[in-house]
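This is protein-v3.json (JSON, N, CA and C atoms).
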[["chain", "number", "residue", "atom", "x", "y", "z"],
["A", 1, "MET", "N", 99.00, 90.23, 70.80],
["A", 1, "MET", "CA", 99.37, 90.52, 72.18],
["A", 1, "MET", "C", 98.93, 89.34, 73.05],
["A", 2, "LYS", "N", 99.84, 88.86, 73.86],
["A", 2, "LYS", "CA", 99.55, 87.75, 74.76],
["A", 2, "LYS", "C", 99.09, 88.31, 76.11],
["A", 3, "LEU", "N", 97.90, 87.92, 76.52],
["A", 3, "LEU", "CA", 97.34, 88.35, 77.80],
["A", 3, "LEU", "C", 97.34, 87.19, 78.78],
["A", 4, "PRO", "N", 97.44, 87.48, 80.09],
["A", 4, "PRO", "CA", 97.29, 86.42, 81.08],
["A", 4, "PRO", "C", 95.90, 85.77, 80.93],
["A", 5, "ASP", "N", 95.80, 84.52, 81.31],
["A", 5, "ASP", "CA", 94.55, 83.77, 81.16],
["A", 5, "ASP", "C", 93.36, 84.48, 81.82],
["A", 6, "ASN", "N", 93.57, 85.06, 83.02],
["A", 6, "ASN", "CA", 92.44, 85.69, 83.71],
["A", 6, "ASN", "C", 91.97, 86.95, 82.99],
["A", 7, "ILE", "N", 92.87, 87.70, 82.40],
["A", 7, "ILE", "CA", 92.49, 88.92, 81.68],
["A", 7, "ILE", "C", 91.81, 88.54, 80.36],
["A", 8, "GLU", "N", 92.36, 87.57, 79.69],
["A", 8, "GLU", "CA", 91.74, 87.08, 78.45],
["A", 8, "GLU", "C", 90.34, 86.54, 78.73],
["A", 9, "GLY", "N", 90.19, 85.79, 79.81],
["A", 9, "GLY", "CA", 88.89, 85.25, 80.19],
["A", 9, "GLY", "C", 87.89, 86.33, 80.54],
["A", 10, "LEU", "N", 88.36, 87.37, 81.22],
["A", 10, "LEU", "CA", 87.49, 88.49, 81.59],
["A", 10, "LEU", "C", 86.94, 89.16, 80.33],
["A", 11, "ILE", "N", 87.81, 89.41, 79.36],
["A", 11, "ILE", "CA", 87.37, 90.02, 78.10],
["A", 11, "ILE", "C", 86.39, 89.11, 77.36],
["A", 12, "ARG", "N", 86.71, 87.83, 77.29],
["A", 12, "ARG", "CA", 85.83, 86.88, 76.63],
["A", 12, "ARG", "C", 84.46, 86.84, 77.30],
["A", 13, "ALA", "N", 84.43, 86.82, 78.63],
["A", 13, "ALA", "CA", 83.15, 86.81, 79.36],
["A", 13, "ALA", "C", 82.35, 88.08, 79.07],
["A", 14, "GLN", "N", 83.02, 89.23, 79.05],
["A", 14, "GLN", "CA", 82.34, 90.49, 78.75],
["A", 14, "GLN", "C", 81.75, 90.46, 77.35],
["A", 15, "ASN", "N", 82.53, 90.02, 76.38],
["A", 15, "ASN", "CA", 82.07, 90.02, 75.00],
["A", 15, "ASN", "C", 80.94, 89.04, 74.75],
["A", 16, "LYS", "N", 80.81, 88.03, 75.61],
["A", 16, "LYS", "CA", 79.69, 87.08, 75.53],
["A", 16, "LYS", "C", 78.53, 87.50, 76.42],
["A", 17, "ALA", "N", 78.69, 88.63, 77.13],
["A", 17, "ALA", "CA", 77.68, 89.12, 78.09],
["A", 17, "ALA", "C", 77.38, 88.05, 79.14],
["A", 18, "ASP", "N", 78.41, 87.34, 79.58],
["A", 18, "ASP", "CA", 78.28, 86.30, 80.60],
["A", 18, "ASP", "C", 78.71, 86.90, 81.94],
["A", 19, "SER", "N", 77.76, 87.51, 82.64],
["A", 19, "SER", "CA", 78.07, 88.22, 83.87],
["A", 19, "SER", "C", 78.55, 87.28, 84.98],
["A", 20, "THR", "N", 78.07, 86.05, 84.99],
["A", 20, "THR", "CA", 78.49, 85.09, 86.01],
["A", 20, "THR", "C", 79.96, 84.73, 85.81],
["A", 21, "ALA", "N", 80.35, 84.44, 84.57],
["A", 21, "ALA", "CA", 81.76, 84.13, 84.28],
["A", 21, "ALA", "C", 82.64, 85.35, 84.54],
["A", 22, "PHE", "N", 82.16, 86.54, 84.18],
["A", 22, "PHE", "CA", 82.91, 87.78, 84.40],
["A", 22, "PHE", "C", 83.22, 87.93, 85.89],
["A", 23, "ALA", "N", 82.20, 87.82, 86.73],
["A", 23, "ALA", "CA", 82.37, 88.01, 88.17],
["A", 23, "ALA", "C", 83.26, 86.94, 88.80],
["A", 24, "ALA", "N", 83.31, 85.76, 88.21],
["A", 24, "ALA", "CA", 84.11, 84.67, 88.76],
["A", 24, "ALA", "C", 85.61, 84.96, 88.68],
["A", 25, "TYR", "N", 86.03, 85.93, 87.88],
["A", 25, "TYR", "CA", 87.45, 86.29, 87.79],
["A", 25, "TYR", "C", 87.88, 87.19, 88.95],
["A", 26, "PHE", "N", 86.94, 87.61, 89.79],
["A", 26, "PHE", "CA", 87.24, 88.50, 90.91],
["A", 26, "PHE", "C", 87.28, 87.73, 92.22],
["A", 27, "THR", "N", 88.08, 88.23, 93.17],
["A", 27, "THR", "CA", 88.08, 87.64, 94.51],
["A", 27, "THR", "C", 86.73, 87.92, 95.17],
["A", 28, "ASN", "N", 86.45, 87.20, 96.24],
["A", 28, "ASN", "CA", 85.18, 87.40, 96.97],
["A", 28, "ASN", "C", 85.05, 88.81, 97.53],
["A", 29, "LEU", "N", 86.17, 89.46, 97.82],
["A", 29, "LEU", "CA", 86.15, 90.80, 98.42],
["A", 29, "LEU", "C", 86.59, 91.88, 97.43],
["A", 30, "ALA", "N", 86.58, 91.58, 96.15],
["A", 30, "ALA", "CA", 87.04, 92.53, 95.13],
["A", 30, "ALA", "C", 86.15, 93.77, 95.07],
["A", 31, "THR", "N", 86.73, 94.83, 94.52],
["A", 31, "THR", "CA", 85.99, 96.08, 94.32],
["A", 31, "THR", "C", 86.20, 96.56, 92.89],
["A", 32, "VAL", "N", 85.12, 97.04, 92.28],
["A", 32, "VAL", "CA", 85.17, 97.67, 90.96],
["A", 32, "VAL", "C", 84.74, 99.12, 91.13],
["A", 33, "PHE", "N", 85.52, 100.03, 90.53],
["A", 33, "PHE", "CA", 85.21, 101.46, 90.52],
["A", 33, "PHE", "C", 84.93, 101.84, 89.08],
["A", 34, "ASP", "N", 83.71, 102.33, 88.81],
["A", 34, "ASP", "CA", 83.32, 102.69, 87.45],
["A", 34, "ASP", "C", 82.37, 103.88, 87.48],
["A", 35, "VAL", "N", 82.69, 104.92, 86.77],
["A", 35, "VAL", "CA", 81.85, 106.12, 86.61],
["A", 35, "VAL", "C", 81.33, 106.62, 87.96],
["A", 36, "GLY", "N", 82.24, 106.83, 88.89],
["A", 36, "GLY", "CA", 81.88, 107.41, 90.18],
["A", 36, "GLY", "C", 81.16, 106.49, 91.15],
["A", 37, "SER", "N", 80.99, 105.23, 90.79],
["A", 37, "SER", "CA", 80.34, 104.26, 91.68],
["A", 37, "SER", "C", 81.30, 103.13, 91.96],
["A", 38, "SER", "N", 81.06, 102.42, 93.06],
["A", 38, "SER", "CA", 81.87, 101.24, 93.36],
["A", 38, "SER", "C", 80.97, 100.06, 93.69],
["A", 39, "TYR", "N", 81.50, 98.89, 93.41],
["A", 39, "TYR", "CA", 80.77, 97.64, 93.60],
["A", 39, "TYR", "C", 81.72, 96.67, 94.29],
["A", 40, "SER", "N", 81.25, 96.05, 95.37],
["A", 40, "SER", "CA", 82.11, 95.19, 96.19],
["A", 40, "SER", "C", 81.59, 93.76, 96.22],
["A", 41, "GLY", "N", 82.49, 92.84, 96.03],
["A", 41, "GLY", "CA", 82.15, 91.42, 96.10],
["A", 41, "GLY", "C", 81.62, 90.89, 94.77],
["A", 42, "GLN", "N", 81.71, 89.60, 94.60],
["A", 42, "GLN", "CA", 81.32, 88.99, 93.34],
["A", 42, "GLN", "C", 79.85, 89.21, 92.99],
["A", 43, "VAL", "N", 78.97, 89.20, 93.98],
["A", 43, "VAL", "CA", 77.53, 89.37, 93.69],
["A", 43, "VAL", "C", 77.25, 90.76, 93.13],
["A", 44, "GLU", "N", 77.76, 91.81, 93.78],
["A", 44, "GLU", "CA", 77.55, 93.17, 93.29],
["A", 44, "GLU", "C", 78.22, 93.37, 91.93],
["A", 45, "ILE", "N", 79.40, 92.81, 91.76],
["A", 45, "ILE", "CA", 80.10, 92.94, 90.48],
["A", 45, "ILE", "C", 79.31, 92.25, 89.38],
["A", 46, "GLN", "N", 78.79, 91.08, 89.66],
["A", 46, "GLN", "CA", 77.97, 90.36, 88.67],
["A", 46, "GLN", "C", 76.73, 91.16, 88.31],
["A", 47, "GLN", "N", 76.06, 91.75, 89.30],
["A", 47, "GLN", "CA", 74.86, 92.55, 89.03],
["A", 47, "GLN", "C", 75.20, 93.81, 88.23],
["A", 48, "TRP", "N", 76.32, 94.46, 88.58],
["A", 48, "TRP", "CA", 76.74, 95.67, 87.87],
["A", 48, "TRP", "C", 77.02, 95.37, 86.40],
["A", 49, "ILE", "N", 77.83, 94.33, 86.13],
["A", 49, "ILE", "CA", 78.20, 94.05, 84.75],
["A", 49, "ILE", "C", 77.02, 93.52, 83.95],
["A", 50, "GLN", "N", 76.12, 92.80, 84.59],
["A", 50, "GLN", "CA", 74.93, 92.33, 83.88],
["A", 50, "GLN", "C", 74.08, 93.51, 83.44],
["A", 51, "HIS", "N", 73.85, 94.45, 84.35],
["A", 51, "HIS", "CA", 73.06, 95.65, 84.03],
["A", 51, "HIS", "C", 73.75, 96.46, 82.91],
["A", 52, "ALA", "N", 75.06, 96.68, 83.05],
["A", 52, "ALA", "CA", 75.80, 97.46, 82.06],
["A", 52, "ALA", "C", 75.79, 96.76, 80.70],
["A", 53, "SER", "N", 75.93, 95.45, 80.69],
["A", 53, "SER", "CA", 75.94, 94.70, 79.42],
["A", 53, "SER", "C", 74.58, 94.77, 78.74],
["A", 54, "GLU", "N", 73.52, 94.63, 79.51],
["A", 54, "GLU", "CA", 72.17, 94.71, 78.93],
["A", 54, "GLU", "C", 71.89, 96.11, 78.39],
["A", 55, "LYS", "N", 72.33, 97.12, 79.11],
["A", 55, "LYS", "CA", 72.04, 98.50, 78.73],
["A", 55, "LYS", "C", 72.90, 98.98, 77.56],
["A", 56, "TYR", "N", 74.19, 98.62, 77.55],
["A", 56, "TYR", "CA", 75.13, 99.18, 76.58],
["A", 56, "TYR", "C", 75.67, 98.20, 75.55],
["A", 57, "GLN", "N", 75.40, 96.90, 75.70],
["A", 57, "GLN", "CA", 75.85, 95.88, 74.75],
["A", 57, "GLN", "C", 77.34, 96.07, 74.39],
["A", 58, "MET", "N", 78.18, 96.17, 75.41],
["A", 58, "MET", "CA", 79.59, 96.49, 75.24],
["A", 58, "MET", "C", 80.39, 95.31, 74.69],
["A", 59, "GLN", "N", 81.33, 95.66, 73.85],
["A", 59, "GLN", "CA", 82.32, 94.72, 73.33],
["A", 59, "GLN", "C", 83.69, 95.32, 73.58],
["A", 60, "LEU", "N", 84.62, 94.51, 74.08],
["A", 60, "LEU", "CA", 85.97, 94.97, 74.39],
["A", 60, "LEU", "C", 86.97, 94.40, 73.40],
["A", 61, "LYS", "N", 87.91, 95.26, 73.01],
["A", 61, "LYS", "CA", 89.02, 94.82, 72.18],
["A", 61, "LYS", "C", 90.29, 95.31, 72.85],
["A", 62, "PRO", "N", 91.15, 94.40, 73.31],
["A", 62, "PRO", "CA", 92.39, 94.82, 73.97],
["A", 62, "PRO", "C", 93.30, 95.56, 73.00],
["A", 63, "VAL", "N", 93.88, 96.66, 73.49],
["A", 63, "VAL", "CA", 94.78, 97.48, 72.69],
["A", 63, "VAL", "C", 96.21, 97.38, 73.23],
["A", 64, "ASP", "N", 96.34, 97.37, 74.56],
["A", 64, "ASP", "CA", 97.66, 97.33, 75.19],
["A", 64, "ASP", "C", 97.52, 96.72, 76.58],
["A", 65, "PHE", "N", 98.59, 96.10, 77.05],
["A", 65, "PHE", "CA", 98.59, 95.51, 78.39],
["A", 65, "PHE", "C", 99.99, 95.59, 78.97],
["A", 66, "ASN", "N", 100.06, 96.07, 80.20],
["A", 66, "ASN", "CA", 101.33, 96.13, 80.93],
["A", 66, "ASN", "C", 101.09, 95.63, 82.34],
["A", 67, "GLN", "N", 102.01, 94.81, 82.84],
["A", 67, "GLN", "CA", 101.90, 94.29, 84.20],
["A", 67, "GLN", "C", 103.24, 94.38, 84.89],
["A", 68, "THR", "N", 103.21, 94.85, 86.12],
["A", 68, "THR", "CA", 104.37, 94.87, 87.00],
["A", 68, "THR", "C", 103.93, 94.26, 88.32],
["A", 69, "GLY", "N", 104.39, 93.07, 88.61],
["A", 69, "GLY", "CA", 103.98, 92.40, 89.84],
["A", 69, "GLY", "C", 102.49, 92.16, 89.83],
["A", 70, "SER", "N", 101.81, 92.61, 90.87],
["A", 70, "SER", "CA", 100.37, 92.39, 90.98],
["A", 70, "SER", "C", 99.55, 93.56, 90.43],
["A", 71, "THR", "N", 100.22, 94.53, 89.83],
["A", 71, "THR", "CA", 99.53, 95.69, 89.25],
["A", 71, "THR", "C", 99.57, 95.60, 87.73],
["A", 72, "ALA", "N", 98.43, 95.86, 87.10],
["A", 72, "ALA", "CA", 98.37, 95.79, 85.64],
["A", 72, "ALA", "C", 97.49, 96.91, 85.10],
["A", 73, "GLU", "N", 97.77, 97.28, 83.86],
["A", 73, "GLU", "CA", 96.92, 98.24, 83.17],
["A", 73, "GLU", "C", 96.59, 97.68, 81.80],
["A", 74, "LEU", "N", 95.31, 97.59, 81.54],
["A", 74, "LEU", "CA", 94.79, 97.09, 80.27],
["A", 74, "LEU", "C", 94.11, 98.25, 79.56],
["A", 75, "THR", "N", 94.53, 98.52, 78.34],
["A", 75, "THR", "CA", 93.86, 99.52, 77.51],
["A", 75, "THR", "C", 92.94, 98.76, 76.57],
["A", 76, "VAL", "N", 91.66, 99.17, 76.54],
["A", 76, "VAL", "CA", 90.68, 98.50, 75.70],
["A", 76, "VAL", "C", 89.92, 99.52, 74.86],
["A", 77, "ALA", "N", 89.58, 99.11, 73.66],
["A", 77, "ALA", "CA", 88.64, 99.86, 72.83],
["A", 77, "ALA", "C", 87.27, 99.26, 73.14],
["A", 78, "VAL", "N", 86.37, 100.09, 73.60],
["A", 78, "VAL", "CA", 85.04, 99.64, 74.01],
["A", 78, "VAL", "C", 84.02, 100.20, 73.04],
["A", 79, "SER", "N", 83.23, 99.32, 72.46],
["A", 79, "SER", "CA", 82.14, 99.76, 71.60],
["A", 79, "SER", "C", 80.83, 99.27, 72.19],
["A", 80, "GLY", "N", 79.77, 99.96, 71.88],
["A", 80, "GLY", "CA", 78.46, 99.59, 72.40],
["A", 80, "GLY", "C", 77.44, 100.67, 72.09],
["A", 81, "THR", "N", 76.34, 100.63, 72.81],
["A", 81, "THR", "CA", 75.25, 101.56, 72.57],
["A", 81, "THR", "C", 75.28, 102.72, 73.55],
["A", 82, "PHE", "N", 76.45, 103.19, 73.92],
["A", 82, "PHE", "CA", 76.59, 104.31, 74.85],
["A", 82, "PHE", "C", 77.07, 105.54, 74.08],
["A", 83, "PRO", "N", 76.78, 106.74, 74.59],
["A", 83, "PRO", "CA", 77.24, 107.95, 73.92],
["A", 83, "PRO", "C", 78.76, 107.97, 73.83],
["A", 84, "GLY", "N", 79.28, 108.34, 72.67],
["A", 84, "GLY", "CA", 80.72, 108.41, 72.49],
["A", 84, "GLY", "C", 81.36, 107.11, 72.04],
["A", 85, "SER", "N", 80.56, 106.09, 71.77],
["A", 85, "SER", "CA", 81.10, 104.81, 71.32],
["A", 85, "SER", "C", 81.64, 104.96, 69.91],
["A", 86, "PRO", "N", 82.78, 104.34, 69.63],
["A", 86, "PRO", "CA", 83.65, 103.58, 70.53],
["A", 86, "PRO", "C", 84.53, 104.52, 71.35],
["A", 87, "ALA", "N", 85.02, 104.01, 72.46],
["A", 87, "ALA", "CA", 85.87, 104.78, 73.36],
["A", 87, "ALA", "C", 87.05, 103.92, 73.79],
["A", 88, "VAL", "N", 88.16, 104.58, 74.07],
["A", 88, "VAL", "CA", 89.32, 103.88, 74.61],
["A", 88, "VAL", "C", 89.31, 104.10, 76.11],
["A", 89, "MET", "N", 89.41, 103.02, 76.86],
["A", 89, "MET", "CA", 89.37, 103.07, 78.32],
["A", 89, "MET", "C", 90.56, 102.35, 78.91],
["A", 90, "GLN", "N", 90.89, 102.74, 80.13],
["A", 90, "GLN", "CA", 91.98, 102.12, 80.88],
["A", 90, "GLN", "C", 91.36, 101.29, 82.00],
["A", 91, "TYR", "N", 91.79, 100.06, 82.11],
["A", 91, "TYR", "CA", 91.40, 99.18, 83.21],
["A", 91, "TYR", "C", 92.63, 99.05, 84.11],
["A", 92, "HIS", "N", 92.57, 99.66, 85.28],
["A", 92, "HIS", "CA", 93.65, 99.59, 86.26],
["A", 92, "HIS", "C", 93.33, 98.43, 87.20],
["A", 93, "LEU", "N", 94.17, 97.43, 87.20],
["A", 93, "LEU", "CA", 93.89, 96.18, 87.90],
["A", 93, "LEU", "C", 94.89, 95.92, 89.01],
["A", 94, "GLU", "N", 94.38, 95.40, 90.12],
["A", 94, "GLU", "CA", 95.21, 94.82, 91.18],
["A", 94, "GLU", "C", 94.89, 93.33, 91.17],
["A", 95, "LEU", "N", 95.91, 92.53, 90.95],
["A", 95, "LEU", "CA", 95.71, 91.09, 90.81],
["A", 95, "LEU", "C", 96.07, 90.36, 92.09],
["A", 96, "ASP", "N", 95.41, 89.24, 92.28],
["A", 96, "ASP", "CA", 95.67, 88.37, 93.42],
["A", 96, "ASP", "C", 95.76, 86.95, 92.87],
["A", 97, "GLY", "N", 96.94, 86.59, 92.39],
["A", 97, "GLY", "CA", 97.11, 85.30, 91.73],
["A", 97, "GLY", "C", 96.31, 85.27, 90.45],
["A", 98, "ALA", "N", 95.44, 84.29, 90.31],
["A", 98, "ALA", "CA", 94.61, 84.15, 89.11],
["A", 98, "ALA", "C", 93.36, 85.02, 89.16],
["A", 99, "PHE", "N", 93.17, 85.76, 90.26],
["A", 99, "PHE", "CA", 91.96, 86.55, 90.44],
["A", 99, "PHE", "C", 92.27, 88.05, 90.42],
["A", 100, "ILE", "N", 91.20, 88.82, 90.29],
["A", 100, "ILE", "CA", 91.31, 90.28, 90.30],
["A", 100, "ILE", "C", 90.80, 90.78, 91.64],
["A", 101, "ARG", "N", 91.61, 91.57, 92.31],
["A", 101, "ARG", "CA", 91.25, 92.12, 93.61],
["A", 101, "ARG", "C", 90.58, 93.48, 93.46],
["A", 102, "SER", "N", 90.99, 94.23, 92.43],
["A", 102, "SER", "CA", 90.46, 95.58, 92.23],
["A", 102, "SER", "C", 90.51, 95.93, 90.75],
["A", 103, "LEU", "N", 89.46, 96.61, 90.29],
["A", 103, "LEU", "CA", 89.40, 97.13, 88.92],
["A", 103, "LEU", "C", 88.89, 98.55, 89.00],
["A", 104, "ARG", "N", 89.68, 99.47, 88.45],
["A", 104, "ARG", "CA", 89.26, 100.88, 88.34],
["A", 104, "ARG", "C", 89.27, 101.23, 86.87],
["A", 105, "ILE", "N", 88.10, 101.66, 86.38],
["A", 105, "ILE", "CA", 87.94, 101.97, 84.97],
["A", 105, "ILE", "C", 88.00, 103.49, 84.79],
["A", 106, "SER", "N", 88.86, 103.93, 83.86],
["A", 106, "SER", "CA", 88.93, 105.36, 83.56],
["A", 106, "SER", "C", 88.93, 105.53, 82.04],
["A", 107, "GLY", "N", 88.50, 106.72, 81.62],
["A", 107, "GLY", "CA", 88.41, 106.98, 80.19],
["A", 107, "GLY", "C", 89.34, 107.94, 79.77]]
As structure tokens, how would this structure be written, given the file I've shared?
Amino acid sequence: MKLPDNIEGLIRAQNKADSTAFAAYFTNLATVFDVGSSYSGQVEIQQWIQHASEKYQMQLKPVDFNQTGSTAELTVAVSGTFPGSPAVMQYHLELDGAFIRSLRISG
């Protein structure tokens, strides 16, 4: 499956637990919605993913990807040290050129 460079980079950054590189794929005003919480801006997103990566040691494997205009949905198999691992999750994305404006994670 061929993924856009920014989505491929996001997955690669997550799998390397590189929270700085992960956050760099988001716009300065981006928002992430995950498990009933939201994180706004690159700094909060970087802190959120760093904490989650340290706690759960998550690895992502893309399963499916669909994009229509600036809206995309990425299905990933997520494994890690969390209850229910591995799990299939949906990443609902709003894109802004090469950057991500919004990410909503659902299971």
Polymer residues at most 6.5 Å from Ser79 (chain A), all atoms listed in the file, same-chain spacing of 5 or more positions, as a list in words: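 So the residues in contact are Tyr56, Gln57, Met58, Gln59, Leu60, Lys61, Ser85, Pro86 and Ala87 of chain A.
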Enumerate, as a list in words, the complete set of residues in region 18-89 of chain A that a backbone-based DSSP assignment places in alpha helix (DSSP H). Ser19, Thr20, Ala21, Phe22, Ala23, Ala24, Gly41, Gln42, Val43, Glu44, Ile45, Gln46, Gln47, Trp48, Ile49, Gln50, His51, Ala52, Ser53, Glu54, Lys55 and Tyr56 of chain A
Box dimensions and centre (Å, one decimal) enclosing region 41-58 of chain A, axis-aligned, 4 Å extra per side, as AutoDock Vina command-line options:
--center_x 77.2 --center_y 94.1 --center_z 85.2 --size_x 18.6 --size_y 18.2 --size_z 29.7
Would you mind telling me which residue in A:Phe33, A:Trp48, A:Phe26, A:Tyr39 lies nearest to Ser106 (chain A) when using only C-alpha atoms?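 Ranked by minimum distance to Ser106 (chain A), first place goes to A:Phe33.
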If we count only C-alpha atoms, what is near Gly9 (chain A) at a cut-off of 9 Å, once residues fewer than 4 positions away on the same chain are taken out, given as a tab-separated table (two decimals) with N, CA and C atoms, in the coordinates of the input?
chain	number	residue	atom	x	y	z
A	4	PRO	N	97.44	87.48	80.09
A	4	PRO	CA	97.29	86.42	81.08
A	4	PRO	C	95.90	85.77	80.93
A	5	ASP	N	95.80	84.52	81.31
A	5	ASP	CA	94.55	83.77	81.16
A	5	ASP	C	93.36	84.48	81.82
A	13	ALA	N	84.43	86.82	78.63
A	13	ALA	CA	83.15	86.81	79.36
A	13	ALA	C	82.35	88.08	79.07
A	14	GLN	N	83.02	89.23	79.05
A	14	GLN	CA	82.34	90.49	78.75
A	14	GLN	C	81.75	90.46	77.35
A	21	ALA	N	80.35	84.44	84.57
A	21	ALA	CA	81.76	84.13	84.28
A	21	ALA	C	82.64	85.35	84.54
A	22	PHE	N	82.16	86.54	84.18
A	22	PHE	CA	82.91	87.78	84.40
A	22	PHE	C	83.22	87.93	85.89
A	25	TYR	N	86.03	85.93	87.88
A	25	TYR	CA	87.45	86.29	87.79
A	25	TYR	C	87.88	87.19	88.95
Measure the distance from atom N of Ser38 (chain A) to atom C of Val63 (chain A) in Å and round it to one decimal. 25.5 Å
Could you make a table, as JSON lines, of the residues of region 11-84 of chain A that have an atom within 6 Å of an atom of region 91-105 of chain A, each with its nearest atom pair and distance in Å to one decimal, counting only C-alpha atoms, in chain and number order?
{"residue": "A:Tyr25", "atom": "CA", "partner": "A:Phe99", "partner_atom": "CA", "distance": 5.2}
{"residue": "A:Phe26", "atom": "CA", "partner": "A:Ile100", "partner_atom": "CA", "distance": 4.5}
{"residue": "A:Thr27", "atom": "CA", "partner": "A:Arg101", "partner_atom": "CA", "distance": 5.6}
{"residue": "A:Ala30", "atom": "CA", "partner": "A:Arg101", "partner_atom": "CA", "distance": 4.5}
{"residue": "A:Thr31", "atom": "CA", "partner": "A:Ser102", "partner_atom": "CA", "distance": 5.0}
{"residue": "A:Val32", "atom": "CA", "partner": "A:Leu103", "partner_atom": "CA", "distance": 4.7}
{"residue": "A:Phe33", "atom": "CA", "partner": "A:Arg104", "partner_atom": "CA", "distance": 4.6}
{"residue": "A:Asp34", "atom": "CA", "partner": "A:Ile105", "partner_atom": "CA", "distance": 5.3}
{"residue": "A:Ser70", "atom": "CA", "partner": "A:Leu95", "partner_atom": "CA", "distance": 4.8}
{"residue": "A:Thr71", "atom": "CA", "partner": "A:Glu94", "partner_atom": "CA", "distance": 4.8}
{"residue": "A:Ala72", "atom": "CA", "partner": "A:Leu93", "partner_atom": "CA", "distance": 5.0}
{"residue": "A:Glu73", "atom": "CA", "partner": "A:His92", "partner_atom": "CA", "distance": 4.7}
{"residue": "A:Leu74", "atom": "CA", "partner": "A:Tyr91", "partner_atom": "CA", "distance": 5.0}
Determine, counting all atoms listed in the file, which protein, DNA and RNA residues have an atom within 8 Å of an atom of Asp18 (chain A); residues of the same chain fewer than 6 positions away are not included. Present the result as an MDAnalysis selection string. chainID A and resid 12 24 46 49:50 53
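Minimum distance to Ala52 (chain A) across A:Ser40, A:Ser19, A:Asn6, A:Gln90 (counting only C-alpha atoms) occurs at A:Ser19.
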As a PyMOL selection string, list the residues of region 13-59 of chain A assigned to strand (DSSP E) by DSSP on the backbone atoms of this structure. chain A and resi 26-34+37-40+59
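With atom N of Gly107 (chain A) on one side and CA of Thr75 (chain A) on the other, the separation reads 9.9 Å.
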Could you state the separation of atom C of Pro83 (chain A) and atom N of Ala17 (chain A) in Å, given to one decimal place?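 Spanning atom C of Pro83 (chain A) to atom N of Ala17 (chain A) is a straight-line distance of 19.6 Å.
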Choose the residue, out of A:Phe65, A:Leu10, A:Ile45, A:Lys55, that has the smallest atom-to-atom separation from Thr81 (chain A); count only C-alpha atoms.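 Using only C-alpha atoms, the shortest distance to Thr81 (chain A) belongs to A:Lys55.
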Which of these, A:Val76, A:Gln67, A:Phe82, A:Thr20, has the shortest distance to Gln47 (chain A) once you count all atoms listed in the file? A:Thr20
